[in-house]
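A short write-up of the structure that comes next.
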Amino acid sequence: MLLIAVVILIGSLSASLTFISEDSFTLNEYVERTVEYQQIYEVSTLAVDAVREILSSDSADADYYGELWTQNFTIPIENGSIQMVIVDQERFLNPNYLVNTNGSVNQNYRRIFTRLFEILNIDLRTLDNIIDWIDRDDISSGGLEKYPDYPAKNGKLDSIEELKLIGGVSQQVFNGTVTPSGFRPGLKNVLSVYSNGKVNVNTASKWVLMALDPDIDETLAAGIISYRKERPFKNINDLNLVDGITGDIIHRISPFVDVKSENFLVELVVKLGEREYRIYFLLERKGKKIIEKWRKIL
Ligand SMILES: [Ca+2]
Ligand SMILES: [Ca+2]
């Protein structure tokens with residue numbers, strides 16, 4: 001058994017080496033890169049441990065700007081640097097919640113997304129296309145179920161990049177645009193597929209806050225943001241302390257908001273001489289438990 005495994009290993013290794021030499025890649029360089037990749041993997045493990053530590057020593061009752069995890073880190077290393085950014089995903093809206101587990105459209109989320117799309121000046125047909133992309137049937141509920149080269153997925157989005165496959169999601173719609181009145185975000189700036197569906201009012205942008213309720217206009221959203229800079233919300237009812245936020249608004253938005261976050265996406269940029277590696281991992285915090293959901297090295 002072991003012999004077979006060794007033969008297969010040598011076979012595949014020499015195959016990959018042949019492939020590499022055809023690419024005019026020297027064996028030395030190959031070994032060097034393999035060693036480097038091993039080191040990058042070790043760096044990623046150290047980073048996961050470090051962020052675990054940061055998150056477990058952080059209070060999970062509320063998550064807000066100014067806490068350690070919101071700071072960007074740059075660590076100089078020999079021949080380069082490591083930059084680390086942690087982004088809580090509950091500052092975003094999750095498009096997967098547009099469709100309930102039984103396949104029906106979640107009308108509450110649809111209303112929130114309708115407002116979001118209006119605020120961002122995105123055609124509402126694009127929202128219908130997203131719903132038909134995610135919902136399980138092949139019957140159009142106003143959007144596209146078929147494209148020239150592929151059908152709608154009829155399943156949840158695995159990444160935000162997947163939105164680019166959906167009708168109406170142009171580069172501008174996805175990346176945002178610069179307008180005379182400033183930057184208008186695109187979908188990648190306001191959505192995440194990793195959020196638990198409850199927007200953290202301590203970290204959400206004004207665009208996301210405005211989408212939550214028709215009575216939260218730009219002034220009220222700005223009021224929330226300036227209030228939380230001084231005193232982060234420890235409880236949803238603290239929103240009452242913001243000028244203009246009524247009990248009615250709090251009552252309406254309370255099923256969709258929170259003051260804490262659960263999912264943290266970490267991006268590490270490792271610069272080594274001329275080369276650059278990007279490491280991504282997602283940590284979910286559930287009470288005292290911190291779970292690594294996935295890790296990617298690019
Ligand atoms: Ca916290
Ligand atoms: Ca569908």
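By convention in this document, the chains of the structure tokens carry letters A, B, ... by their order, each chain's residues are numbered from 1, and ligands are numbered from 1 in the order they are shown.
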
Write out as a ChimeraX atom specification all residues of region 77-192 of chain A that DSSP puts in strand (DSSP E or B) for this structure's backbone. /A:77,80-88,93,99,105,146,151,177-179,182-184,191

Hey, what's within 6 Å of region 150-156 of chain A if we count only C-alpha atoms and toss same-chain stuff fewer than 2 positions away? As a PyMOL selection string, please? chain A and resi 96+133-136+145-147

Identify, counting only C-alpha atoms and all ligand atoms, the protein, DNA and RNA residues located within 6 Å of ligand 1, and give them as a PyMOL selection string. chain A and resi 58-60+62-63

Could you list, as a VMD selection string, every residue within 8 Å of region 241-255 of chain A, counting only C-alpha atoms and ignoring same-chain residues fewer than 6 positions away? chain A and resid 198 212 to 213 215 to 216 220 223 to 224 227

For the residues in the current selection, export N, CA and C atoms as a short mmCIF file (atom, residue, chain, number, x, y, z; two decimals), in the first residue's frame.
```cif
data_model
loop_
_atom_site.label_atom_id
_atom_site.label_comp_id
_atom_site.auth_asym_id
_atom_site.auth_seq_id
_atom_site.Cartn_x
_atom_site.Cartn_y
_atom_site.Cartn_z
N LYS A 198 -28.33 39.80 10.71
CA LYS A 198 -28.69 40.90 11.62
C LYS A 198 -27.63 41.99 11.52
N LEU A 212 -32.66 50.00 6.22
CA LEU A 212 -33.41 49.26 7.24
C LEU A 212 -34.85 49.73 7.42
N ASP A 213 -35.07 51.01 7.24
CA ASP A 213 -36.41 51.54 7.50
C ASP A 213 -36.66 52.81 6.67
N ASP A 215 -38.14 55.41 7.43
CA ASP A 215 -38.01 56.65 8.21
C ASP A 215 -36.55 56.99 8.55
N ILE A 216 -35.62 56.08 8.26
CA ILE A 216 -34.21 56.42 8.50
C ILE A 216 -33.67 57.07 7.23
N LEU A 220 -30.91 61.02 9.74
CA LEU A 220 -31.00 60.10 10.88
C LEU A 220 -29.84 59.11 10.88
N GLY A 223 -26.97 60.77 12.14
CA GLY A 223 -27.14 60.93 13.59
C GLY A 223 -26.71 59.66 14.34
N ILE A 224 -27.09 58.51 13.80
CA ILE A 224 -26.70 57.23 14.42
C ILE A 224 -25.18 57.10 14.41
N TYR A 227 -23.53 59.55 16.85
CA TYR A 227 -23.80 59.16 18.24
C TYR A 227 -22.90 57.99 18.67
#
```

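Excluding region 114-117 of chain A itself and same-chain residues fewer than 2 positions from it, the residues having an atom within 8 Å of it are Arg110, Arg111, Ile112, Ile119, Leu120, Asn121, Ile122, Asp123, Leu124, Leu127, Trp207, Val208, Met210, Ala211, Leu212 and Pro214 of chain A, counting only C-alpha atoms.
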
Which residue out of A:Asn102, A:Asn79, A:Ser140, A:Ser44 has the minimum interatomic distance to ligand 2 when only C-alpha atoms and all ligand atoms are used? A:Ser140

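In this comparison, which uses only C-alpha atoms, the residue of A:Leu165, A:Val199, A:Leu98, A:Ile82 approaching Leu46 (chain A) most closely is A:Ile82.
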
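For the residues A:Ser195, A:Ser57, A:Ser104, A:Asn202, ranking by smallest atom-to-atom distance to ligand 2 using only C-alpha atoms and all ligand atoms places A:Ser104 first.
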
A:Ile166, A:Ala50, A:Leu68, A:Leu27 ranked by distance to ligand 2, top pick (using only C-alpha atoms and all ligand atoms):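 Closest to ligand 2 of all the choices is A:Ile166.
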
Glu292 (chain A) surroundings by only C-alpha atoms, 12 Å radius, close-in-sequence under 6 positions cut, as a PyMOL selection string: chain A and resi 44-45+47-49+51-52+262-266+280-286

Output C-alpha atoms for every residue in that selection, as a tab-separated table (two decimals), in the first residue's frame.
```tsv
chain	number	residue	atom	x	y	z
A	44	SER	CA	-1.73	32.07	8.11
A	45	THR	CA	-1.94	29.67	11.06
A	47	ALA	CA	-2.65	34.87	12.10
A	48	VAL	CA	-5.68	32.68	12.77
A	49	ASP	CA	-4.38	32.09	16.31
A	51	VAL	CA	-7.21	36.84	15.64
A	52	ARG	CA	-8.76	34.09	17.77
A	262	GLU	CA	-20.64	37.11	14.78
A	263	ASN	CA	-18.62	36.70	11.60
A	264	PHE	CA	-15.21	38.23	11.03
A	265	LEU	CA	-13.46	38.13	7.67
A	266	VAL	CA	-9.71	38.59	7.91
A	280	TYR	CA	-8.28	35.18	3.75
A	281	PHE	CA	-10.06	33.43	6.56
A	282	LEU	CA	-13.45	33.63	8.20
A	283	LEU	CA	-13.91	33.26	11.94
A	284	GLU	CA	-17.31	32.84	13.51
A	285	ARG	CA	-17.74	33.76	17.14
A	286	LYS	CA	-20.54	31.95	18.96
```

Given the choices A:Ser159, A:Gln83, A:Gln172, A:Thr203, which gets closest to Val43 (chain A) if the distance is worked out from only C-alpha atoms?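 Closest to Val43 (chain A), using only C-alpha atoms: A:Gln83.
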
Selected residue of minimal separation from ligand 2 among A:Ser141, A:Ser192, A:Asn240, A:Asn94, counting only C-alpha atoms and all ligand atoms: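 Selected residue with least distance to ligand 2: A:Ser141.
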